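Trainee: Below is the structure I would like to discuss, written out as structure tokens.
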Amino acid sequence: MSEDILSLTALQLDALREIGNVGAGNAATALSQILNKKIDMSVPKVAILPLGEVPEVVGGPDSMVAGVYLRVFGPAPGSILFLLPRESAFCLVDMLMGKEHGTTQLLNSMDESALMEIGNILAGAYLNALSFFTKLTLLPSIPALALDMAGAILSVILIQLGQMGDHALVIETEFSTESKGVSGHFFLIPDPGSLSTILSAIGVTE
Amino acid sequence: MPQLIKVGMADYKIACHPNSLISYGLGSCVGIALYDSVTKIGGLAHIMLPDSSQARNVENPAKFADTAIPLLLNDMLKAGAQKQRIIAKIAGGAQMFSFANITEIMRIGERNTESVKNILRQASIQLIANDTGGNFGRTIELRLDTGILFIKTIDKGEKFL
């Protein structure tokens, strides 16, 4: 039971990838509208990774990133994390604030609010799609922001998963603006018990 | 060639001078560095959780403070370190995100630190330095020539413990 993610079938993994696809598609559209720019989105990856390897997805545990973290409330609780390399976060702030590219080198409290609001909007769009798809009411918490090492930021989520097992189920999508100035990773990490709730809501229990 | 040996999350390793041990990007996790200055044998553990007795799955004992520290100590003794000479330094245990209504799980850094201190006390290992808490990540390197624990952060400077 504790490591049930290791026994997911190919069909179940496909279903989770489709959830990631719809959720991230919705989020990318929202981001595109805010920035008034075309956003490219990768095919979502569904990965089951040993906890210690998750930071490698975003360039290693000591890479410098900005992370917006939200809890998901409702019948299938989990965590959402929007991670951007530090330079991407600065570039995104420039776009949002209408500053010239390369202006932002440090975040003031207004910049931090702007990044948290982006996390909020993306998470809302993602969860809307997920709620529609699963008929489960899923709501995001208020966002929290940290600018630090990827390993340190991810540890918040990995520790929660570590109480149940040694692996993380990660549904991950990469975003980038057409000019590649901004790229980021969007993670949905369901709490261990939530996975079966999501899978039975969409009717793929076997 | 001296090597820099990497210790991942929920892992522990021992090494001897001229090598060093490093663990990258500790957040709420706690890094425990043990060192014997005569043999220059050291060990580094990167624990995620305070207590294995409350966990559903204990397949990896290196994940928990109460099971990782005895294993680390035991490996060092087998390699020739002397128990009465071993000292400890710890770092990490941060709270990366602050929320208005803080839940138990958000306080995990603090609980990890407390547990590590207790386990070290029970094992009669002297804790001589500690750099824990705050809301920032740390990369820690145990230098086995001197036993210095070098701590790097993004914007809170560097420290030598």
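Just so we're on the same page: first chain in the structure tokens is A, next is B, and so on; residues restart at 1 for each chain, and ligands are numbered from 1 in the order they show up.
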Which chain A residues are at most 9 Å from chain B (counting only C-alpha atoms), as a CSV table (one decimal) with N, CA, C and O atoms, in the first residue's frame?

Mentor:
```
chain,number,residue,atom,x,y,z
A,2,SER,N,1.9,1.2,0.9
A,2,SER,CA,2.7,2.5,1.0
A,2,SER,C,3.4,2.8,-0.3
A,2,SER,O,3.5,4.0,-0.6
A,3,GLU,N,3.8,1.8,-1.1
A,3,GLU,CA,4.5,2.1,-2.3
A,3,GLU,C,3.6,1.7,-3.5
A,3,GLU,O,4.1,1.2,-4.5
A,51,LEU,N,13.1,9.5,-4.2
A,51,LEU,CA,13.0,10.9,-3.7
A,51,LEU,C,14.2,11.7,-4.0
A,51,LEU,O,14.1,12.9,-4.4
A,52,GLY,N,15.4,11.2,-3.8
A,52,GLY,CA,16.6,11.9,-4.0
A,52,GLY,C,16.9,12.3,-5.4
A,52,GLY,O,17.7,13.2,-5.6
A,53,GLU,N,16.2,11.7,-6.4
A,53,GLU,CA,16.5,12.1,-7.8
A,53,GLU,C,15.6,13.2,-8.3
A,53,GLU,O,15.8,13.7,-9.4
A,60,GLY,N,19.5,19.8,-10.7
A,60,GLY,CA,20.3,19.4,-9.5
A,60,GLY,C,19.9,20.2,-8.3
A,60,GLY,O,19.4,21.3,-8.4
A,61,PRO,N,20.3,19.6,-7.1
A,61,PRO,CA,19.8,20.2,-5.9
A,61,PRO,C,20.4,21.5,-5.5
A,61,PRO,O,19.8,22.3,-4.8
A,62,ASP,N,21.5,21.9,-6.1
A,62,ASP,CA,22.1,23.2,-5.8
A,62,ASP,C,21.8,24.3,-6.8
A,62,ASP,O,22.4,25.4,-6.8
A,63,SER,N,21.0,24.0,-7.9
A,63,SER,CA,20.7,25.0,-8.8
A,63,SER,C,19.7,26.1,-8.2
A,63,SER,O,18.9,25.7,-7.4
A,64,MET,N,19.9,27.3,-8.6
A,64,MET,CA,19.2,28.4,-8.0
A,64,MET,C,17.9,28.6,-8.7
A,64,MET,O,17.8,28.8,-9.9
A,69,TYR,N,4.9,27.6,-4.2
A,69,TYR,CA,4.3,26.4,-3.6
A,69,TYR,C,2.9,26.7,-3.2
A,69,TYR,O,2.6,27.7,-2.5
A,142,ILE,N,-3.4,29.6,-0.5
A,142,ILE,CA,-2.6,30.8,-0.9
A,142,ILE,C,-1.2,30.4,-1.2
A,142,ILE,O,-0.7,29.4,-0.7
A,143,PRO,N,-0.6,31.1,-2.2
A,143,PRO,CA,0.8,30.7,-2.6
A,143,PRO,C,1.9,31.2,-1.6
A,143,PRO,O,1.7,32.1,-0.9
A,144,ALA,N,3.0,30.4,-1.6
A,144,ALA,CA,4.2,30.9,-0.8
A,144,ALA,C,5.3,30.8,-1.8
A,144,ALA,O,5.4,30.0,-2.7
A,145,LEU,N,6.3,31.8,-1.6
A,145,LEU,CA,7.4,31.9,-2.5
A,145,LEU,C,8.7,31.7,-1.8
A,145,LEU,O,8.9,32.2,-0.7
A,146,ALA,N,9.6,31.0,-2.5
A,146,ALA,CA,11.0,31.0,-2.0
A,146,ALA,C,12.0,31.1,-3.1
A,146,ALA,O,11.7,30.6,-4.2
A,147,LEU,N,13.1,31.8,-2.9
A,147,LEU,CA,14.1,31.9,-3.9
A,147,LEU,C,15.4,31.2,-3.3
A,147,LEU,O,16.0,31.8,-2.4
A,148,ASP,N,15.6,30.0,-3.8
A,148,ASP,CA,16.7,29.3,-3.1
A,148,ASP,C,17.2,28.1,-3.9
A,148,ASP,O,16.9,28.0,-5.1
A,149,MET,N,17.9,27.2,-3.3
A,149,MET,CA,18.4,26.0,-4.0
A,149,MET,C,17.2,25.0,-4.3
A,149,MET,O,16.4,24.8,-3.4
A,150,ALA,N,17.2,24.4,-5.5
A,150,ALA,CA,16.1,23.5,-5.8
A,150,ALA,C,15.9,22.4,-4.8
A,150,ALA,O,14.8,22.0,-4.5
A,151,GLY,N,17.0,21.8,-4.3
A,151,GLY,CA,16.9,20.7,-3.4
A,151,GLY,C,16.2,21.2,-2.1
A,151,GLY,O,15.4,20.4,-1.6
A,152,ALA,N,16.6,22.3,-1.6
A,152,ALA,CA,16.0,22.9,-0.4
A,152,ALA,C,14.5,23.1,-0.6
A,152,ALA,O,13.7,22.8,0.3
A,153,ILE,N,14.1,23.7,-1.7
A,153,ILE,CA,12.7,24.0,-2.0
A,153,ILE,C,11.9,22.7,-2.2
A,153,ILE,O,10.8,22.5,-1.6
A,154,LEU,N,12.4,21.7,-2.9
A,154,LEU,CA,11.7,20.5,-3.2
A,154,LEU,C,11.6,19.6,-1.9
A,154,LEU,O,10.7,18.8,-1.8
A,155,SER,N,12.6,19.8,-1.0
A,155,SER,CA,12.6,19.0,0.3
A,155,SER,C,11.2,19.1,1.0
A,155,SER,O,10.8,18.2,1.6
A,156,VAL,N,10.6,20.3,0.9
A,156,VAL,CA,9.3,20.5,1.5
A,156,VAL,C,8.3,19.4,1.1
A,156,VAL,O,7.6,18.8,1.9
A,158,LEU,N,9.1,16.6,-0.7
A,158,LEU,CA,9.7,15.2,-0.7
A,158,LEU,C,9.6,14.7,0.7
A,158,LEU,O,9.4,13.5,0.9
A,159,ILE,N,9.7,15.5,1.7
A,159,ILE,CA,9.6,15.1,3.1
A,159,ILE,C,8.2,14.5,3.4
A,159,ILE,O,8.0,13.5,4.0
A,160,GLN,N,7.2,15.2,2.8
A,160,GLN,CA,5.8,14.7,3.0
A,160,GLN,C,5.7,13.4,2.4
A,160,GLN,O,5.0,12.5,3.0
A,162,GLY,N,8.1,11.3,1.9
A,162,GLY,CA,9.0,10.4,2.6
A,162,GLY,C,8.4,9.6,3.7
A,162,GLY,O,8.8,8.6,4.2
A,163,GLN,N,7.3,10.2,4.3
A,163,GLN,CA,6.6,9.6,5.4
A,163,GLN,C,6.0,8.3,5.0
A,163,GLN,O,5.7,7.4,5.8
A,164,MET,N,5.7,8.2,3.7
A,164,MET,CA,4.9,7.0,3.2
A,164,MET,C,5.8,6.1,2.4
A,164,MET,O,5.6,4.9,2.4
A,165,GLY,N,6.8,6.6,1.7
A,165,GLY,CA,7.6,5.7,0.9
A,165,GLY,C,8.9,6.3,0.4
A,165,GLY,O,9.3,7.4,1.0
A,166,ASP,N,9.6,5.7,-0.5
A,166,ASP,CA,10.8,6.2,-1.0
A,166,ASP,C,10.8,6.7,-2.4
A,166,ASP,O,11.8,7.0,-3.0
```

Trainee: Apply DSSP to the backbone of this structure and, from segment 29-135 of chain B, keep only the residues in helix (DSSP H, G or I); write these as a PyMOL selection string.

Mentor: chain B and resi 52-54+61-63+65-78+83-85+104-122

Trainee: Write the residues of the selection above to a file with C-alpha atoms, as a CSV table (one decimal), in the first residue's frame.

Mentor:
```csv
chain,number,residue,atom,x,y,z
B,52,SER,CA,11.2,6.0,12.1
B,53,SER,CA,8.8,4.7,14.6
B,54,GLN,CA,6.0,7.0,13.3
B,61,PRO,CA,16.9,3.6,7.5
B,62,ALA,CA,19.1,6.5,6.2
B,63,LYS,CA,15.9,8.6,5.9
B,65,ALA,CA,17.4,10.6,12.3
B,66,ASP,CA,16.9,7.8,14.8
B,67,THR,CA,18.1,5.1,12.5
B,68,ALA,CA,20.7,6.9,10.3
B,69,ILE,CA,22.8,8.2,13.2
B,70,PRO,CA,23.6,4.8,14.7
B,71,LEU,CA,24.4,3.4,11.2
B,72,LEU,CA,26.7,6.2,10.5
B,73,LEU,CA,28.4,5.9,13.8
B,74,ASN,CA,28.8,2.2,13.4
B,75,ASP,CA,30.4,2.5,10.0
B,76,MET,CA,32.9,5.0,11.3
B,77,LEU,CA,33.8,2.7,14.3
B,78,LYS,CA,34.3,-0.2,11.9
B,83,LYS,CA,33.8,6.7,19.8
B,84,GLN,CA,35.1,9.0,22.6
B,85,ARG,CA,36.9,11.2,20.0
B,104,GLU,CA,2.8,20.2,11.8
B,105,ILE,CA,4.4,19.2,8.5
B,106,MET,CA,5.6,22.7,7.8
B,107,ARG,CA,7.5,22.6,11.2
B,108,ILE,CA,9.3,19.5,10.1
B,109,GLY,CA,12.7,21.3,10.0
B,110,GLU,CA,12.5,22.2,13.7
B,111,ARG,CA,11.3,18.7,14.6
B,112,ASN,CA,14.2,17.1,12.6
B,113,THR,CA,16.7,19.3,14.4
B,114,GLU,CA,15.2,18.4,17.8
B,115,SER,CA,15.3,14.7,17.1
B,116,VAL,CA,18.9,14.8,15.8
B,117,LYS,CA,20.0,16.6,19.0
B,118,ASN,CA,18.2,14.0,21.1
B,119,ILE,CA,19.7,11.0,19.3
B,120,LEU,CA,23.2,12.5,19.5
B,121,ARG,CA,22.7,13.0,23.3
B,122,GLN,CA,21.5,9.4,23.7
```

Trainee: Write down as a VMD selection string the residues of segment 8-137 of chain B whose backbone DSSP state falls under strand (DSSP E).

Mentor: chain B and resid 11 to 16 20 to 26 30 to 36 41 to 47 87 to 92 126 to 132

Trainee: For those residues, write C-alpha atoms to a file as a short mmCIF file (atom, residue, chain, number, x, y, z; two decimals), in the first residue's frame.

Mentor:
```
data_model
loop_
_atom_site.label_atom_id
_atom_site.label_comp_id
_atom_site.auth_asym_id
_atom_site.auth_seq_id
_atom_site.Cartn_x
_atom_site.Cartn_y
_atom_site.Cartn_z
CA ASP B 11 21.62 8.78 2.39
CA TYR B 12 24.80 8.64 4.48
CA LYS B 13 28.46 8.03 3.67
CA ILE B 14 31.78 7.88 5.45
CA ALA B 15 35.17 8.88 4.10
CA CYS B 16 38.73 9.60 5.17
CA SER B 20 35.67 15.36 1.57
CA LEU B 21 31.95 14.79 1.93
CA ILE B 22 29.32 17.13 0.49
CA SER B 23 25.55 17.37 0.56
CA TYR B 24 23.78 19.85 -1.72
CA GLY B 25 20.64 21.87 -1.13
CA LEU B 26 19.48 20.97 2.37
CA VAL B 30 19.25 18.02 8.54
CA GLY B 31 22.86 17.21 7.72
CA ILE B 32 24.80 15.45 10.49
CA ALA B 33 28.58 15.55 10.27
CA LEU B 34 30.60 13.27 12.56
CA TYR B 35 34.39 13.51 12.79
CA ASP B 36 37.33 11.83 14.51
CA ILE B 41 37.61 9.68 9.47
CA GLY B 42 34.32 11.49 9.00
CA GLY B 43 30.75 10.72 8.12
CA LEU B 44 27.85 12.72 6.73
CA ALA B 45 24.16 11.83 6.89
CA HIS B 46 21.31 13.72 5.19
CA ILE B 47 18.12 12.84 7.05
CA ILE B 87 32.30 15.06 17.62
CA ALA B 88 29.20 16.20 15.77
CA LYS B 89 28.21 19.30 13.81
CA ILE B 90 24.77 19.76 12.32
CA ALA B 91 23.13 22.10 9.79
CA GLY B 92 19.80 22.47 7.99
CA GLN B 126 29.19 15.82 21.75
CA LEU B 127 27.44 18.34 19.52
CA ILE B 128 29.99 21.12 19.17
CA ALA B 129 28.44 23.33 16.49
CA ASN B 130 25.10 23.86 14.86
CA ASP B 131 23.66 26.08 12.17
CA THR B 132 20.00 25.21 11.97
#
```
